[in-house]
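Notes follow once the structure below has been shown.
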Amino acid sequence: MPDQVAPRDLPSTGRGAWADPGVEEVAPGVHRMPLPLPMDGLRAVNVYVVEGEDGLTLVDGGWAIPDSRTVFEDGLRRLGHAPSDVRRFLVTHMHRDHYTQARVLGTELGCPVVLGSGERPNLASVHADAEADDTRQEGTRARLRSAGAEHLHAAWLELAPRRPDALDAYALPDTWLERDQDLDVAGRRLRAVATPGHTRGHYVFADEAASLLFAGDHVLSTITPSIGFEPAYVQQPLRDYLSSLAKVLALPDLTLLPAHGPVTASSHARVHELLEHHDVRLAQSLEAVRGGARTAWEVACALPWTRRERRIDELGPFDQALAAFETLAHLELLALRADLARRPGETVEFAPPHRR
């Protein structure tokens with residue numbers, strides 16, 4: 001493994017530089033530590049180390065894999081700390097790159113892991129799949145079928161991340177967050193704000209005094225968070241996500257500390273960009289249905305993808321499946337708003353509404 005970059009020397013600008021290993025001080029007593037991920041699309045996850053008189057608080061924990069553990073321990077050494085200095089983990093949501101290493105370390109170190117209570121169904125689904133030995137991921141097949149994309153299931157099984165984590169990496173947290181509330185953490189007051197959408201139990205943590213927003217995957221600085229990709233199905237994840245973006249706008253404009261991507265100056269500016277993106281996506285989806293598309297997959301085939309505006313057949317099967325899930329979320333919201341008629345079935349179809 002190459003030498004790590006010294007603290008405060010890690011660049012936070014430049015395409016891809018944010019994921020380089022090292023430690024960056026983003027505010028007094030707050031350090032960004034990118035930990036590696038075993039996938040091409042997202043190279044790293046930002047874990048934030050908050051120093052306090054009683055020790056360290058970590059926002060998110062990384063994926064419980066050996067490479068991540070090595071980089072994590074090296075980063076703490078560079079800050080003059082050891083894992084034994086960690087006092088608590090605040091985890092934004094249950095996705096493996098945020099939760100599993102926090103849960104493993106929390107158990108080893110005897111420090112509490114805090115998670116939003118909305119993640120109860122997701123963790124229950126993970127455990128149920130494990131007990132049933134659901135290697136075929138039938139729940140995913142059913143959701144792909146709903147989107148008209150069941151043909152992607154075989155490729156999904158080949159390319160979707162396998163679960164290398166022991167099931168204890170998905171053990172329940174020590175503390176559930178049940179509502180928006182203030183937390184006294186490391187001598188700071190953090191506002192824990194429920195922001196369902198990316199997952200049903202997602203939380204962000206706002207340090208208004210220091211003008212910082214630990215945003216998890218709710219607001220990302222350079223990419224659009226996925227919608228509708230979690231173990232327990234939610235029919236209206238986009239409705240929930242847009243409502244959660246409004247909650248962030250109701251907070252002061254804070255420095256954005258995202259889970260993926262570089263730190264940026266304005267949480268509000270990025271939220272407005274995300275709202276505009278989804279307005280455009282909703283309009284494009286509506287136009288595709290008016291043009292004759294009926295399933296989420298057919299609509300997804302009519303839309304451009306990524307900032308390069310690629311056709312869906314230019315994406316890999318895993319990203320095609322995510323595109324189908326996200327398109328289904330947009331169509332479900334249009335149906336909720338009565339802009340489309342929804343025809344339920346194993347494959348859900350949408351059509352322009354009948355007007356009198």
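Residue numbering restarts at 1 in every chain; chains get A, B, ... in the order shown in the structure tokens, and ligands count up from 1 in that same order.
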Quiz prompt | Non-local contacts of stretch 339-352 of chain A (10 Å; only C-alpha atoms; under 5 positions in same chain excluded) as a list in words | solution = Ala142, Arg143, Leu144, Arg145, Ser146, Ala147, Gly148, Ala149, Glu150, Leu286, Glu287, Ala288, Val289, Arg290, Gly291, Gly292, Ala293, Arg294, Thr295, Ala296, Glu298, Val299, Leu328, Leu331, Glu332, Leu333 and Leu334 of chain A
Just the selected residues (C-alpha atoms), exported as a short mmCIF file (atom, residue, chain, number, x, y, z; two decimals), in the first residue's frame, please.
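Listed below is the output, again_33.cif:
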```cif
data_model
loop_
_atom_site.label_atom_id
_atom_site.label_comp_id
_atom_site.auth_asym_id
_atom_site.auth_seq_id
_atom_site.Cartn_x
_atom_site.Cartn_y
_atom_site.Cartn_z
CA ALA A 142 -39.60 -9.01 -8.01
CA ARG A 143 -38.66 -5.34 -7.98
CA LEU A 144 -36.98 -5.63 -11.37
CA ARG A 145 -40.14 -7.35 -12.63
CA SER A 146 -42.22 -4.43 -11.35
CA ALA A 147 -40.00 -2.11 -13.37
CA GLY A 148 -40.25 -4.25 -16.50
CA ALA A 149 -36.56 -5.14 -16.21
CA GLU A 150 -36.55 -8.75 -14.99
CA LEU A 286 -43.81 12.20 -18.18
CA GLU A 287 -42.93 13.02 -21.78
CA ALA A 288 -41.67 9.47 -22.37
CA VAL A 289 -44.99 8.01 -21.19
CA ARG A 290 -46.89 10.45 -23.38
CA GLY A 291 -44.70 9.18 -26.22
CA GLY A 292 -45.80 5.59 -25.66
CA ALA A 293 -43.46 4.14 -23.01
CA ARG A 294 -45.38 2.18 -20.40
CA THR A 295 -42.95 0.50 -17.97
CA ALA A 296 -40.14 1.98 -15.93
CA GLU A 298 -39.16 1.54 -21.33
CA VAL A 299 -39.02 5.04 -19.85
CA LEU A 328 -39.86 3.59 -11.24
CA LEU A 331 -43.14 7.32 -12.26
CA GLU A 332 -44.68 6.39 -8.91
CA LEU A 333 -44.50 10.03 -7.84
CA LEU A 334 -46.09 11.19 -11.09
#
```
Exercise. List every residue of stretch 146-322 of chain A that DSSP, applied to the backbone of this structure, assigns to helix (DSSP H, G or I), and report them as a PyMOL selection string.
Key: chain A and resi 146+150-159+167-170+237-250+267-290+296-302+312-314+317-322
Quiz item: Pick from A:Ala324, A:Leu58, A:Ala215, A:Leu303: nearest to A:Val114, with only C-alpha atoms counted?
Solution: A:Leu58
What are the nearest atom pairs, with distances in Å to one decimal, for all residues of stretch 189-273 of chain A that come at most 12 Å from stretch 60-82 of chain A, using only C-alpha atoms, set out by chain and rising residue number as a Markdown table?
```
| residue | atom | partner | partner_atom | distance |
| --- | --- | --- | --- | --- |
| A:His202 | CA | A:Asp60 | CA | 11.6 |
| A:Tyr203 | CA | A:Asp60 | CA | 10.9 |
| A:Val204 | CA | A:Asp60 | CA | 10.7 |
| A:Phe205 | CA | A:Asp60 | CA | 11.0 |
| A:Phe214 | CA | A:Asp60 | CA | 9.5 |
| A:Ala215 | CA | A:Asp60 | CA | 10.4 |
| A:Gly216 | CA | A:Asp60 | CA | 7.8 |
| A:Asp217 | CA | A:Asp60 | CA | 10.6 |
| A:Leu257 | CA | A:Asp60 | CA | 11.8 |
| A:Pro258 | CA | A:Asp60 | CA | 10.9 |
| A:Ala259 | CA | A:Asp60 | CA | 8.3 |
| A:His260 | CA | A:Gly62 | CA | 11.3 |
```
Practice problem: Grab the atom CA of A:His218 to atom CA of A:Thr92 distance for me, in Å with one decimal place. | Solution: 8.8 Å
Cut-off 9 Å: closest stretch 256-317 of chain A/stretch 232-250 of chain A atom pairs per residue, using only C-alpha atoms, as a tab-separated table:
```
residue	atom	partner	partner_atom	distance
A:Ser267	CA	A:Val248	CA	7.8
A:His268	CA	A:Leu249	CA	5.9
A:Val271	CA	A:Leu245	CA	6.4
A:His272	CA	A:Leu249	CA	8.6
A:Leu274	CA	A:Leu245	CA	8.5
A:Leu275	CA	A:Leu242	CA	7.3
A:His278	CA	A:Leu242	CA	8.6
```
Quiz item: Per DSSP on the backbone, what are the strand (DSSP E or B) residues of stretch 137-279 of chain A, as an MDAnalysis selection string?
Solution: chainID A and resid 175:177 181:185 188:194 203:207 212:216 255:258 264
Practice problem: List the neighbours of A:Asp182 out to 12 Å using only C-alpha atoms; skip same-chain residues closer than 2 positions along the sequence, and give me the result as number ranges by chain. | Solution: A: 177-180, 184-185, 188-194, 204-208
